[in-house]
Amino acid sequence: MINSPNLYANLHEFLLTDYLHARKSNSLMTLIGYMENAPSFGSPNVFLMIRPRGFGLSLGIEAIYSVITRDKRYQEREHDEELITKLKLPHCQVLTLNLKKFTAQTPAEFAASLIALLQEAYWENHVSGPLTSYTTPKTYFANLIEAVAGRAGHKVALLIDNYDIPFMIASAMDENIRTEAISTYLEMLNVIKHSENSLRWALLSGHAKFSLASELSEGLPLVHDLSREPAYETLFGFTREEVEQVFGTEIRKVAPHQGTSYTDYLYSLEHSYGGFTFSDNMVKVMCPACINHALTNDGMLYTYSANGNYRFLARALSARNTRLDWLFDRDGQDPLFGSSITLQPKGAQLGSLLLQQGFATVDKFTEHLNQGISTWRYRYTCPNEDMRQTLMVVRGQIPIEQALRPIRPRIADARQDDYFDTEDIEPWA
C-alpha cells in the first residue's frame with residue numbers, strides 16, 4: 001500500500017536540519033535580495049520561477065512570505081538574522097494569491113472564479129472591496145493592491161503561486177471561447193505593470209511557462225525568468241549530499257528491508273527520483289516529495305509522480321499524436337527550456353513543456369565560441385525512472401496500475417546503458 005501523507009505540512013518540516021536550513025536560506029534570501037534590488041524601469045519587476053511538480057514551489061512561496069514579513073520562524077535563527085541584515089532584505093506586507101484550486105468551464109465562470117479568489121485575498125488582508133455588477137477581475141485586482149498597500153503604508157510584494165493553472169483551464173475550453181477567457185486573466189495581470197506606486201515587485205511560480213501577453217491583451221510582456229539561474233539551481237531540490245545528511249539514518253534503517261545496502265539504496269534513489277538539472281552547471285538534484293514518499297513507505301520505490309495531474313500535457317501530446325525521439329538523447333539542441341508555450345503547444349513547444357514539467361532535463365551542455373560569438377547547445381534525456389514511467393502513463397502507453405509496481409533497487413556500479421528498467425515501450429516512441 002502506498003501512503004502519501006502531507007509530508008511538508010509546514011516550513012519547519014521541510015527545513016529538516018540546521019545544516020539544510022542554512023544551505024537553503026542562503027539561496028532563498030539571495031533570491032529575495034535580487035528581486036528587491038534589481039533595477040526597474042518605471043514599473044514593478046515581474047519574476048518567474050518554474051519547477052516540476054514535487055519540488056516544493058508552494059513551500060518556497062511560504063518561505064519568502066515568512067522572511068519578508070519576519071515570521072517568528074526566522075526570528076529564532078541567528079544565521080537568518082545575519083543574512084537578512086547583510087542582504088538588506090525588505091520588511092513589508094506581502095500579498096499572496098494561490099490559484100491551485102482555480103476552475104471554470106466558460107469565460108463567465110472564468111471571470112467569476114478570479115473575482116472569488118481575489119475576494120478571499122480581501123478578507124485575508126482585512127481590506128474592503130465592494131462588488132458591483134460592473135466589477136471585473138482587472139478593476140478588482142487593482143483596487144486590492146492599492147488597498148493592501150494603503151493599509152500597510154508602504155509598497156508591498158506580490159506572490160502568485162500556481163499562476164499557470166488558469167492557462168491550463170482555458171486550454172480545455174472550446175476554441176471560440178478560450179481566447180476570451182485567457183484575455184480576462186492577462187488583463188488582470190497587466191495591473192501589476194501599472195502598480196508602481198503600490199508594488200515593490202511580483203513573483204509568479206508554476207510548472208509551465210506560458211506567454212503572458214497576446215495580440216488581444218498586453219498582459220505582462222516583460223518577465224524575468226529565474227528558473228535556470230545558477231544561484232537557485234538547488235533551492236527546490238535535494239542534492240545527493242543533502243539526502244545523505246538529512247536522511248542518512250532513515251536510509252540505513254530501510255535499505256535492509258528492501259534487500260539492499262545503504263550505498264545501493266542511495267544509488268536507487270538517484271536512479272528513481274534524481275537526475276534533474278536546473279542550470280548550465282549541471283548540478284543534479286532529486287525530487288524532494290518523491291524522496292519523502294519513498295522513506296515514508298518503508299523505502300519502497302514507486303512511481304509516485306504518476307498520481308500527479310498532467311491533463312494539460314496529456315491533451316497536448318494526444319492532440320499531436322507525435323513522436324518524441326527528436327527530443328531525447330540527441331546532441332545539438334536549442335535551449336528549449338526557456339521558451340514560452342501557448343494554450344495549444346506544438347512542435348518545439350512540446351519539448352519546452354516536457355522540460356519545464358520534468359519529463360526531460362539537460363544531460364549535456366556545450367558552449368561553442370566562433371569569432372567571439374558564443375552559442376549554446378544541449379542534449380536532453382529523461383531524468384529518472386519515475387518520470388519515464390509517468391510519461392508513459394500520461395501518453396496512455398501503460399495503465400497507471402503498471403506504473404505503480406515497485407521499481408527494482410539498483411546496484412551502485414551498474415552500467416549506465418542499463419540505467420532504466422527494460423520495458424516494451426519507450427516514452428519517446
# chains A, B, ... in the order shown; residues from 1 in each chain; ligands from 1
>>> select_by_dssp(residues="segment 6-154 of chain A", states="strand (DSSP E)", output="list in words")
Asn45, Val46, Phe47, Leu48, Met49, Ile50, Val94, Leu95, Thr96, Leu97 and Asn98 of chain A
>>> select_by_dssp(residues="segment 212-275 of chain A", states="alpha helix (DSSP H)", output="MDAnalysis selection string")
chainID A and resid 240:254 262:273
>>> residues_around(residues="segment 143-147 of chain A", least_positions_apart="3", cutoff="8 Å", atoms="only C-alpha atoms", output="PDB file with N, CA and C atoms, in the first residue's frame")
ATOM      1  N   LEU A  95       1.366  40.402  -0.336  1.00  0.00           N
ATOM      2  CA  LEU A  95       0.075  39.972  -0.868  1.00  0.00           C
ATOM      3  C   LEU A  95       0.285  38.663  -1.617  1.00  0.00           C
ATOM      4  N   LEU A 118      -9.879  36.672  -5.627  1.00  0.00           N
ATOM      5  CA  LEU A 118      -9.464  37.992  -5.160  1.00  0.00           C
ATOM      6  C   LEU A 118     -10.233  38.394  -3.905  1.00  0.00           C
ATOM      7  N   ALA A 121      -8.633  37.168  -0.904  1.00  0.00           N
ATOM      8  CA  ALA A 121      -7.456  37.966  -0.565  1.00  0.00           C
ATOM      9  C   ALA A 121      -7.859  39.250   0.160  1.00  0.00           C
ATOM     10  N   TYR A 122      -8.994  39.834  -0.219  1.00  0.00           N
ATOM     11  CA  TYR A 122      -9.505  41.000   0.510  1.00  0.00           C
ATOM     12  C   TYR A 122      -9.729  40.645   1.982  1.00  0.00           C
ATOM     13  N   VAL A 127      -9.049  44.199   4.180  1.00  0.00           N
ATOM     14  CA  VAL A 127      -9.381  45.416   3.439  1.00  0.00           C
ATOM     15  C   VAL A 127     -10.726  45.202   2.765  1.00  0.00           C
ATOM     16  N   SER A 128     -11.410  46.286   2.450  1.00  0.00           N
ATOM     17  CA  SER A 128     -12.735  46.188   1.846  1.00  0.00           C
ATOM     18  C   SER A 128     -12.646  46.280   0.331  1.00  0.00           C
ATOM     19  N   GLY A 129     -13.552  45.571  -0.336  1.00  0.00           N
ATOM     20  CA  GLY A 129     -13.606  45.599  -1.786  1.00  0.00           C
ATOM     21  C   GLY A 129     -15.017  45.414  -2.273  1.00  0.00           C
ATOM     22  N   THR A 139     -10.247  45.407 -12.497  1.00  0.00           N
ATOM     23  CA  THR A 139     -10.506  46.515 -11.580  1.00  0.00           C
ATOM     24  C   THR A 139     -10.456  46.054 -10.125  1.00  0.00           C
ATOM     25  N   TYR A 140     -10.923  44.841  -9.863  1.00  0.00           N
ATOM     26  CA  TYR A 140     -10.928  44.305  -8.506  1.00  0.00           C
ATOM     27  C   TYR A 140      -9.500  44.066  -8.011  1.00  0.00           C
ATOM     28  N   GLY A 150      -2.137  50.643   0.844  1.00  0.00           N
ATOM     29  CA  GLY A 150      -2.605  51.777   1.636  1.00  0.00           C
ATOM     30  C   GLY A 150      -2.718  51.427   3.108  1.00  0.00           C
ATOM     31  N   ARG A 151      -3.220  50.243   3.401  1.00  0.00           N
ATOM     32  CA  ARG A 151      -3.352  49.820   4.797  1.00  0.00           C
ATOM     33  C   ARG A 151      -1.983  49.614   5.436  1.00  0.00           C
ATOM     34  N   SER A 195       1.199  49.306 -11.353  1.00  0.00           N
ATOM     35  CA  SER A 195       1.053  49.487  -9.902  1.00  0.00           C
ATOM     36  C   SER A 195       2.365  49.938  -9.263  1.00  0.00           C
ATOM     37  N   SER A 198       2.311  51.069  -5.660  1.00  0.00           N
ATOM     38  CA  SER A 198       1.840  50.147  -4.621  1.00  0.00           C
ATOM     39  C   SER A 198       2.657  48.867  -4.511  1.00  0.00           C
ATOM     40  N   LEU A 199       3.330  48.475  -5.595  1.00  0.00           N
ATOM     41  CA  LEU A 199       4.061  47.206  -5.609  1.00  0.00           C
ATOM     42  C   LEU A 199       5.568  47.410  -5.663  1.00  0.00           C
TER      43      LEU A 199
END
>>> closest_residue(among="A:Ala172, A:Ala231, A:Ala142, A:Leu354", to="Asn197 of chain A", atoms="only C-alpha atoms")
A:Ala142
>>> closest_residue(among="A:Leu355, A:Met286, A:Arg395, A:Phe47", to="Ala319 of chain A", atoms="only C-alpha atoms")
A:Arg395
>>> closest_residue(among="A:Lys155, A:Lys101, A:Arg178, A:Lys193", to="Phe41 of chain A", atoms="only C-alpha atoms")
A:Lys193
>>> residues_around(residues="Thr381 of chain A", least_positions_apart="2", cutoff="7 Å", atoms="only C-alpha atoms", output="number ranges by chain")
A: 328-329, 360-363, 379, 383
>>> residues_around(residues="Tyr302 of chain A", least_positions_apart="6", cutoff="10 Å", atoms="only C-alpha atoms", output="list in words")
Ile2, Ser272, Tyr273, Cys290, His293, Ala294, Glu385, Asp386, Ala403, Leu404, Arg405, Pro406, Ile407 and Arg408 of chain A
>>> closest_atom_pairs(of="segment 118-176 of chain A", to="segment 61-71 of chain A", cutoff="12 Å", atoms="only C-alpha atoms", output="JSON lines")
{"residue": "A:Ala152", "atom": "CA", "partner": "A:Thr69", "partner_atom": "CA", "distance": 11.6}
{"residue": "A:Val156", "atom": "CA", "partner": "A:Ile68", "partner_atom": "CA", "distance": 9.9}
{"residue": "A:Ala157", "atom": "CA", "partner": "A:Ile68", "partner_atom": "CA", "distance": 8.6}
{"residue": "A:Leu158", "atom": "CA", "partner": "A:Tyr65", "partner_atom": "CA", "distance": 9.4}
{"residue": "A:Leu159", "atom": "CA", "partner": "A:Ile61", "partner_atom": "CA", "distance": 6.9}
{"residue": "A:Ile160", "atom": "CA", "partner": "A:Ile61", "partner_atom": "CA", "distance": 8.3}
{"residue": "A:Asp161", "atom": "CA", "partner": "A:Ile61", "partner_atom": "CA", "distance": 7.1}
{"residue": "A:Asn162", "atom": "CA", "partner": "A:Ile61", "partner_atom": "CA", "distance": 10.3}
>>> closest_residue(among="A:Asn370, A:Gln344, A:Thr277, A:Ser318", to="Glu229 of chain A", atoms="only C-alpha atoms")
A:Thr277
>>> residues_around(residues="Leu353 of chain A", least_positions_apart="2", cutoff="8 Å", atoms="only C-alpha atoms", output="list in words")
Ala208, Lys209, Leu313, Phe337, Ile341, Gln349, Leu350, Gly351, Leu355, Gln356 and Gln357 of chain A
>>> residues_around(residues="Ser268 of chain A", least_positions_apart="2", cutoff="8 Å", atoms="only C-alpha atoms", output="PyMOL selection string")
chain A and resi 264-266+270-272+409-412
>>> atom_distance(atom1="atom CA of Trp326 of chain A", atom2="atom CA of Met392 of chain A")
16.7 Å
>>> closest_residue(among="A:Arg315, A:Tyr380, A:Ile182, A:Ile291", to="Arg330 of chain A", atoms="only C-alpha atoms")
A:Tyr380
>>> closest_residue(among="A:Glu250, A:Leu222, A:Val394, A:Glu241", to="Ser40 of chain A", atoms="only C-alpha atoms")
A:Leu222
>>> atom_distance(atom1="atom CA of Ala306 of chain A", atom2="atom CA of Lys364 of chain A")
26.2 Å
>>> decode(residues="segment 322-357 of chain A", atoms="N, CA and C atoms", output="mmCIF file, in the first residue's frame")
data_model
loop_
_atom_site.group_PDB
_atom_site.id
_atom_site.type_symbol
_atom_site.label_atom_id
_atom_site.label_comp_id
_atom_site.auth_asym_id
_atom_site.auth_seq_id
_atom_site.Cartn_x
_atom_site.Cartn_y
_atom_site.Cartn_z
ATOM 1 N N THR A 322 2.271 12.727 -31.598
ATOM 2 C CA THR A 322 3.602 12.885 -32.160
ATOM 3 C C THR A 322 4.626 11.981 -31.503
ATOM 4 N N ARG A 323 5.677 11.683 -32.225
ATOM 5 C CA ARG A 323 6.822 11.002 -31.673
ATOM 6 C C ARG A 323 7.687 12.025 -30.941
ATOM 7 N N LEU A 324 8.472 11.543 -29.988
ATOM 8 C CA LEU A 324 9.329 12.429 -29.210
ATOM 9 C C LEU A 324 10.802 12.058 -29.340
ATOM 10 N N ASP A 325 11.119 11.197 -30.305
ATOM 11 C CA ASP A 325 12.509 10.768 -30.428
ATOM 12 C C ASP A 325 13.425 11.901 -30.877
ATOM 13 N N TRP A 326 12.864 12.990 -31.420
ATOM 14 C CA TRP A 326 13.674 14.136 -31.820
ATOM 15 C C TRP A 326 14.215 14.890 -30.608
ATOM 16 N N LEU A 327 13.586 14.711 -29.433
ATOM 17 C CA LEU A 327 13.950 15.473 -28.242
ATOM 18 C C LEU A 327 14.970 14.747 -27.376
ATOM 19 N N PHE A 328 14.792 13.448 -27.180
ATOM 20 C CA PHE A 328 15.581 12.724 -26.201
ATOM 21 C C PHE A 328 16.894 12.205 -26.779
ATOM 22 N N ASP A 329 17.972 12.440 -26.022
ATOM 23 C CA ASP A 329 19.293 11.863 -26.302
ATOM 24 C C ASP A 329 19.815 12.222 -27.689
ATOM 25 N N ARG A 330 19.572 13.466 -28.093
ATOM 26 C CA ARG A 330 20.086 13.972 -29.358
ATOM 27 C C ARG A 330 20.936 15.219 -29.088
ATOM 28 N N ASP A 331 22.156 15.234 -29.564
ATOM 29 C CA ASP A 331 23.045 16.383 -29.374
ATOM 30 C C ASP A 331 22.610 17.570 -30.226
ATOM 31 N N GLY A 332 23.122 18.763 -29.853
ATOM 32 C CA GLY A 332 22.914 19.954 -30.674
ATOM 33 C C GLY A 332 21.563 20.612 -30.551
ATOM 34 N N GLN A 333 20.874 20.443 -29.404
ATOM 35 C CA GLN A 333 19.540 21.005 -29.225
ATOM 36 C C GLN A 333 19.608 22.471 -28.795
ATOM 37 N N ASP A 334 18.584 23.225 -29.158
ATOM 38 C CA ASP A 334 18.451 24.612 -28.711
ATOM 39 C C ASP A 334 18.014 24.643 -27.239
ATOM 40 N N PRO A 335 18.150 25.798 -26.559
ATOM 41 C CA PRO A 335 17.723 25.926 -25.155
ATOM 42 C C PRO A 335 16.205 26.013 -25.027
ATOM 43 N N LEU A 336 15.527 24.917 -25.279
ATOM 44 C CA LEU A 336 14.067 24.898 -25.311
ATOM 45 C C LEU A 336 13.442 25.211 -23.962
ATOM 46 N N PHE A 337 14.159 24.948 -22.879
ATOM 47 C CA PHE A 337 13.582 25.124 -21.546
ATOM 48 C C PHE A 337 13.186 26.568 -21.276
ATOM 49 N N GLY A 338 13.773 27.529 -21.986
ATOM 50 C CA GLY A 338 13.475 28.930 -21.740
ATOM 51 C C GLY A 338 12.331 29.487 -22.555
ATOM 52 N N SER A 339 11.747 28.683 -23.430
ATOM 53 C CA SER A 339 10.699 29.171 -24.327
ATOM 54 C C SER A 339 9.324 29.124 -23.660
ATOM 55 N N SER A 340 8.496 30.110 -23.978
ATOM 56 C CA SER A 340 7.116 30.115 -23.514
ATOM 57 C C SER A 340 6.269 29.223 -24.410
ATOM 58 N N ILE A 341 5.185 28.704 -23.859
ATOM 59 C CA ILE A 341 4.287 27.867 -24.642
ATOM 60 C C ILE A 341 2.934 28.554 -24.768
ATOM 61 N N THR A 342 2.152 28.116 -25.729
ATOM 62 C CA THR A 342 0.808 28.638 -25.948
ATOM 63 C C THR A 342 -0.216 27.677 -25.349
ATOM 64 N N LEU A 343 -1.500 28.023 -25.471
ATOM 65 C CA LEU A 343 -2.542 27.161 -24.928
ATOM 66 C C LEU A 343 -2.644 25.840 -25.677
ATOM 67 N N GLN A 344 -2.158 25.808 -26.904
ATOM 68 C CA GLN A 344 -2.167 24.582 -27.701
ATOM 69 C C GLN A 344 -0.746 24.333 -28.207
ATOM 70 N N PRO A 345 0.156 23.898 -27.329
ATOM 71 C CA PRO A 345 1.565 23.752 -27.723
ATOM 72 C C PRO A 345 1.758 22.690 -28.796
ATOM 73 N N LYS A 346 2.700 22.953 -29.692
ATOM 74 C CA LYS A 346 3.034 22.002 -30.740
ATOM 75 C C LYS A 346 4.487 22.182 -31.127
ATOM 76 N N GLY A 347 5.020 21.206 -31.853
ATOM 77 C CA GLY A 347 6.405 21.285 -32.308
ATOM 78 C C GLY A 347 7.387 21.406 -31.153
ATOM 79 N N ALA A 348 8.313 22.356 -31.272
ATOM 80 C CA ALA A 348 9.343 22.549 -30.256
ATOM 81 C C ALA A 348 8.747 22.931 -28.908
ATOM 82 N N GLN A 349 7.537 23.521 -28.903
ATOM 83 C CA GLN A 349 6.906 23.881 -27.640
ATOM 84 C C GLN A 349 6.605 22.648 -26.786
ATOM 85 N N LEU A 350 6.360 21.514 -27.422
ATOM 86 C CA LEU A 350 6.153 20.290 -26.657
ATOM 87 C C LEU A 350 7.427 19.917 -25.909
ATOM 88 N N GLY A 351 8.573 20.145 -26.554
ATOM 89 C CA GLY A 351 9.845 19.915 -25.877
ATOM 90 C C GLY A 351 10.011 20.840 -24.686
ATOM 91 N N SER A 352 9.652 22.101 -24.861
ATOM 92 C CA SER A 352 9.734 23.067 -23.760
ATOM 93 C C SER A 352 8.857 22.635 -22.595
ATOM 94 N N LEU A 353 7.638 22.197 -22.905
ATOM 95 C CA LEU A 353 6.709 21.780 -21.861
ATOM 96 C C LEU A 353 7.232 20.558 -21.112
ATOM 97 N N LEU A 354 7.772 19.589 -21.845
ATOM 98 C CA LEU A 354 8.320 18.389 -21.208
ATOM 99 C C LEU A 354 9.507 18.727 -20.307
ATOM 100 N N LEU A 355 10.327 19.675 -20.722
ATOM 101 C CA LEU A 355 11.455 20.105 -19.903
ATOM 102 C C LEU A 355 10.976 20.833 -18.652
ATOM 103 N N GLN A 356 10.019 21.727 -18.809
ATOM 104 C CA GLN A 356 9.525 22.503 -17.675
ATOM 105 C C GLN A 356 8.821 21.625 -16.654
ATOM 106 N N GLN A 357 8.162 20.566 -17.112
ATOM 107 C CA GLN A 357 7.432 19.706 -16.183
ATOM 108 C C GLN A 357 8.248 18.518 -15.696
#
